[in-house]
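Peer 1: Would you mind keeping the following structure in view while I ask a few things?
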Amino acid sequence: MAGACIGPTRWRLGGAAPSSYDCYTYSEVSLAAEEVRRIAELARLRISAQEEATFASQLSEIVDYIDQLREFDDGAASLADTETASDPADNDLPRPSSAAGGALLDEFLDNAPASLDRFLLVPQVKATPGGEE
Amino acid sequence: MQPMTAEGLAAAIRSGERSAVDAVDATFARIDEVDAAVGAFLELWRDEAAERAADIDRRRDEGLPLGPLAGVPTALKDNMSLAGHELNCGSRILAGYRAPYTAGAVERLVAADAVPVGRVNMDEFAMGSSCENSALAATHNPWNLAMAPGGSSGGSAAAVAAAEVPLALGSDTGGSIRQPAAFCGVVGVKPTYGRVSRYGLVAFASSLDQIGPLARNVRDAALALGAIAGPDPRDATCSEEPACDFLQPIEDGIEGLKVGTIREVRTSALEADAARGFERALKTLVRCGAELVEVSVPLIETAVATYYVLANSEASANLARFDGSRYGHRAAGARSLAEMYTGSRSEGFGPEVKRRIILGTFALSSGYYDAYYGRAARIAGVLRQQFSEAFEKADLLVTPTSPSGAFKLGERVDDPLAMYLSDVFTTPTSLAGIPGISVPCGLDSRGLPLGLQILARPFADGTALRAARAFERETGFECRPEPVS
């Protein structure tokens, strides 16, 4: 049953392995949808029940496709990974963050949804003890 | 009458044969005439363009030297900063955002005396292959208005193809310049990674993003690339290799150069028309004097999967900054910081962006990281190595730009995987960091353009341009889309 599936099988991984097909049941979609909701929460996204279902089926298909990579991965990193022409950190000297320095502050603050003096205004980070929440 | 090239226009303006003000006026007149049907532009900068043009004319009258793109009206993709102007990246989440500074590539463009005339449509956050993921406008292919212009730089390609502007800048992460260029019958250049500064470009996948030109012919693309390329200390990944003149050797031809076809790119996997177009292109290259060789890049078939893991992982991290606190949309009535983050992002991002952030977050999440991100990064490393081995046997590689010509608007919107697969020949180049050019290689049986992709070794952008120019000379292709001609 789907409830017995753990981890990647919810994403229809390992198409060839019989155990993953055990999970390919009626409730698989709802589990996948649950997983989608969990990941969306991690990414600070709220998705509707309908989006959840659509994303679950689309993402399952995509992840299934991506899973072909398993057979090409021998676990060895390529030498090309370490190739870099030059390391910009070699010249890591402090400099103003822009030619205009702090003069851009007004432009940045103009883009802020809410600001006060030189500060960005945001809702409180933590609920006040005894407050509404 | 064929519209003027960027090169011809700049020469005419420098010599005084034509004024920059007149060129800019003509551009806006053309935009007013056709853009209601094409839908490339999101915003026009009429006053500022007129001022810039007047300044160019004044400098010419005073005998001051003008840049290589003197007075050339240019469109900017909606993800590049031009100080003081709105920039939305095709998204509602950046509604009202004004760029506080100008992107490095745009600075160079303006220093070369090009005239930015407006910003053009794109898939939201450059995520898409048809421009249909834009939250702001619908762009149509000028060759057939029912067809997709390609994406994500669909607005750039359509504006150039419809002769609204001779030149546009786009950005390419996995094919976003080359595929729309192919679909719209124009030339699109994805330079070597690091060739052009990314400073001031809204980041999608930082290890892959690259700005490049779209133009109606190869010489104009070369002229524009020469203008925007070069070092920029504000982008740590920008190469210190100095800018060079790509036009100077461009007519030298490709006599004796070894051009490689890739064994794993099977024409059987292409649409019949695209396969025929590619075979025809190979014959054309032989007529140009190229020697065809076959090389192998075994991992090329894994590129789409590898790309979608790496690009979306980077995107999920890069797009974390859009949280409603500093700029862009903020959800109303949030009672806590977390609520503001979630509300702003959920209201601001469209479905494809959400899908990709979720995919990227998944690939980076604990327990899956090595099986997805780690694996994709390893495979990309080996793929790069395979490309460099292929370039020991060939000076250039060629593939079709896309497995088919333009598809219908609406045809793939509900099938993200089918949409991703249209990038099958462009994503490998991006992962390898090498330059890729799409040059028109004729029309398919529907009368829609096809593209040939020419690839070169890192920083051999000039060789790829030279080959593209030789190819273009031989085919004599003219970008004349009927509906808007």
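Ordered as shown in the structure tokens, chains take letters A, B, and onward, while each chain numbers its residues from 1 and ligands are numbered from 1 in the order shown.
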Restrict the distance test to only C-alpha atoms, flag each residue of chain A within 7 Å of chain B, and return the flagged residues as a count of residues only.

Peer 2: 29

Peer 1: Could you go through segment 79-302 of chain B and tell me which residues DSSP, when run on the backbone, assigns to helix (DSSP H, G or I), listing them as a ChimeraX atom specification?

Peer 2: /B:92-94,104-111,124-126,154-161,178-184,218-228,267-269,272-287,298-302

Peer 1: Excluding Cys244 of chain B and any residue of its chain fewer than 6 positions from it, enumerate the residues within 10 Å of it, using only C-alpha atoms, and give them as a short mmCIF file (atom, residue, chain, number, x, y, z; two decimals) with C-alpha atoms, in the first residue's frame.

Peer 2:
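Once written, result_5.cif looks like this:
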data_model
loop_
_atom_site.label_atom_id
_atom_site.label_comp_id
_atom_site.auth_asym_id
_atom_site.auth_seq_id
_atom_site.Cartn_x
_atom_site.Cartn_y
_atom_site.Cartn_z
CA LEU B 223 28.76 43.93 -33.91
CA LEU B 225 28.39 41.12 -29.10
CA GLY B 226 31.63 43.07 -29.57
CA ALA B 227 29.93 46.05 -27.93
CA ALA B 229 31.33 41.74 -24.13
CA GLY B 230 34.24 42.32 -21.82
CA GLY B 462 34.39 34.58 -33.02
#

Peer 1: Taking 5 positions as the minimum chain separation for residues in the same chain, which residues sit within 9 Å of Pro403 of chain B when counting only C-alpha atoms? Answer as a count of residues only.

Peer 2: 11

Peer 1: Write down as a list in words the residues of segment 395-449 of chain B whose backbone DSSP state falls under strand (DSSP E or B).

Peer 2: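 Here is the list: Leu396, Leu397, Val398, Thr399, Pro400, Lys408, Gly436, Ile437, Ser438, Val439, Pro440, Cys441, Gly442, Leu443 and Pro449 of chain B.
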
Peer 1: Could you turn the residues from that selection into a file that holds N, CA and C atoms, as a PDB file, in the first residue's frame?

Peer 2:
ATOM      1  N   LEU B 396      34.310  23.070 -34.742  1.00  0.00           N
ATOM      2  CA  LEU B 396      32.952  23.518 -34.430  1.00  0.00           C
ATOM      3  C   LEU B 396      32.054  22.292 -34.368  1.00  0.00           C
ATOM      4  N   LEU B 397      30.954  22.407 -33.654  1.00  0.00           N
ATOM      5  CA  LEU B 397      29.941  21.347 -33.673  1.00  0.00           C
ATOM      6  C   LEU B 397      28.634  21.969 -34.153  1.00  0.00           C
ATOM      7  N   VAL B 398      27.821  21.165 -34.815  1.00  0.00           N
ATOM      8  CA  VAL B 398      26.511  21.679 -35.231  1.00  0.00           C
ATOM      9  C   VAL B 398      25.400  20.713 -34.822  1.00  0.00           C
ATOM     10  N   THR B 399      24.264  21.285 -34.471  1.00  0.00           N
ATOM     11  CA  THR B 399      23.036  20.520 -34.187  1.00  0.00           C
ATOM     12  C   THR B 399      21.871  21.372 -34.699  1.00  0.00           C
ATOM     13  N   PRO B 400      20.696  20.772 -34.838  1.00  0.00           N
ATOM     14  CA  PRO B 400      19.538  21.654 -35.031  1.00  0.00           C
ATOM     15  C   PRO B 400      19.400  22.492 -33.753  1.00  0.00           C
ATOM     16  N   LYS B 408       2.426  25.564 -31.873  1.00  0.00           N
ATOM     17  CA  LYS B 408       1.262  26.453 -31.694  1.00  0.00           C
ATOM     18  C   LYS B 408       1.199  27.017 -30.286  1.00  0.00           C
ATOM     19  N   GLY B 436      27.103  29.278 -28.315  1.00  0.00           N
ATOM     20  CA  GLY B 436      26.185  28.659 -29.259  1.00  0.00           C
ATOM     21  C   GLY B 436      25.434  29.742 -30.024  1.00  0.00           C
ATOM     22  N   ILE B 437      25.364  29.569 -31.325  1.00  0.00           N
ATOM     23  CA  ILE B 437      24.656  30.541 -32.163  1.00  0.00           C
ATOM     24  C   ILE B 437      23.553  29.822 -32.907  1.00  0.00           C
ATOM     25  N   SER B 438      22.371  30.414 -32.952  1.00  0.00           N
ATOM     26  CA  SER B 438      21.348  29.883 -33.841  1.00  0.00           C
ATOM     27  C   SER B 438      21.262  30.783 -35.058  1.00  0.00           C
ATOM     28  N   VAL B 439      21.403  30.155 -36.231  1.00  0.00           N
ATOM     29  CA  VAL B 439      21.327  30.909 -37.482  1.00  0.00           C
ATOM     30  C   VAL B 439      20.232  30.254 -38.326  1.00  0.00           C
ATOM     31  N   PRO B 440      19.397  31.050 -39.004  1.00  0.00           N
ATOM     32  CA  PRO B 440      18.299  30.461 -39.772  1.00  0.00           C
ATOM     33  C   PRO B 440      18.798  29.496 -40.845  1.00  0.00           C
ATOM     34  N   CYS B 441      18.125  28.354 -40.968  1.00  0.00           N
ATOM     35  CA  CYS B 441      18.528  27.408 -42.021  1.00  0.00           C
ATOM     36  C   CYS B 441      17.323  27.008 -42.862  1.00  0.00           C
ATOM     37  N   GLY B 442      16.549  27.995 -43.256  1.00  0.00           N
ATOM     38  CA  GLY B 442      15.438  27.730 -44.166  1.00  0.00           C
ATOM     39  C   GLY B 442      14.108  27.604 -43.451  1.00  0.00           C
ATOM     40  N   LEU B 443      13.095  27.216 -44.227  1.00  0.00           N
ATOM     41  CA  LEU B 443      11.740  27.121 -43.686  1.00  0.00           C
ATOM     42  C   LEU B 443      11.268  25.674 -43.713  1.00  0.00           C
ATOM     43  N   PRO B 449      10.386  29.215 -39.866  1.00  0.00           N
ATOM     44  CA  PRO B 449      11.842  29.102 -39.882  1.00  0.00           C
ATOM     45  C   PRO B 449      12.368  27.937 -39.027  1.00  0.00           C
TER      46      PRO B 449
END

Peer 1: As an MDAnalysis selection string, please: the residues near Glu251 of chain B (cut-off 8 Å, only C-alpha atoms, same-chain neighbours under 4 positions excluded).

Peer 2: chainID B and resid 247 466 469:470

Peer 1: For Asp209 of chain B, which residue out of B:Glu291, B:Asp273, B:Asp232, B:Glu314 is the nearest one, using only C-alpha atoms?

Peer 2: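 Between B:Glu291, B:Asp273, B:Asp232, B:Glu314, the residue approaching Asp209 of chain B most closely is B:Glu314.
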
Peer 1: Near Val34 of chain B, counting only C-alpha atoms, which residues have an atom at most 12 Å away, once you skip same-chain residues fewer than 6 positions from it, shown as an NGL selection string?

Peer 2: :B and (27-28 or 40-41 or 139-142 or 145 or 158-165 or 481-485)

Peer 1: What gap, in Å, lies between atom CA of Met419 of chain B and atom CA of Ser129 of chain B?

Peer 2: 6.5 Å

Peer 1: State, in Å with one decimal place, the distance from atom CA of Gln179 of chain B to atom CA of Pro213 of chain B.

Peer 2: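 Atom CA of Pro213 of chain B lies 13.0 Å from atom CA of Gln179 of chain B.
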
Peer 1: Could you give me, as a VMD selection string, the residues within 10 Å of Ala6 of chain B, counting only C-alpha atoms and dropping anything in the same chain fewer than 4 positions from it?

Peer 2: chain B and resid 10 to 12 68 to 74 114 165 to 167 215 to 217 219 to 221 223 to 224
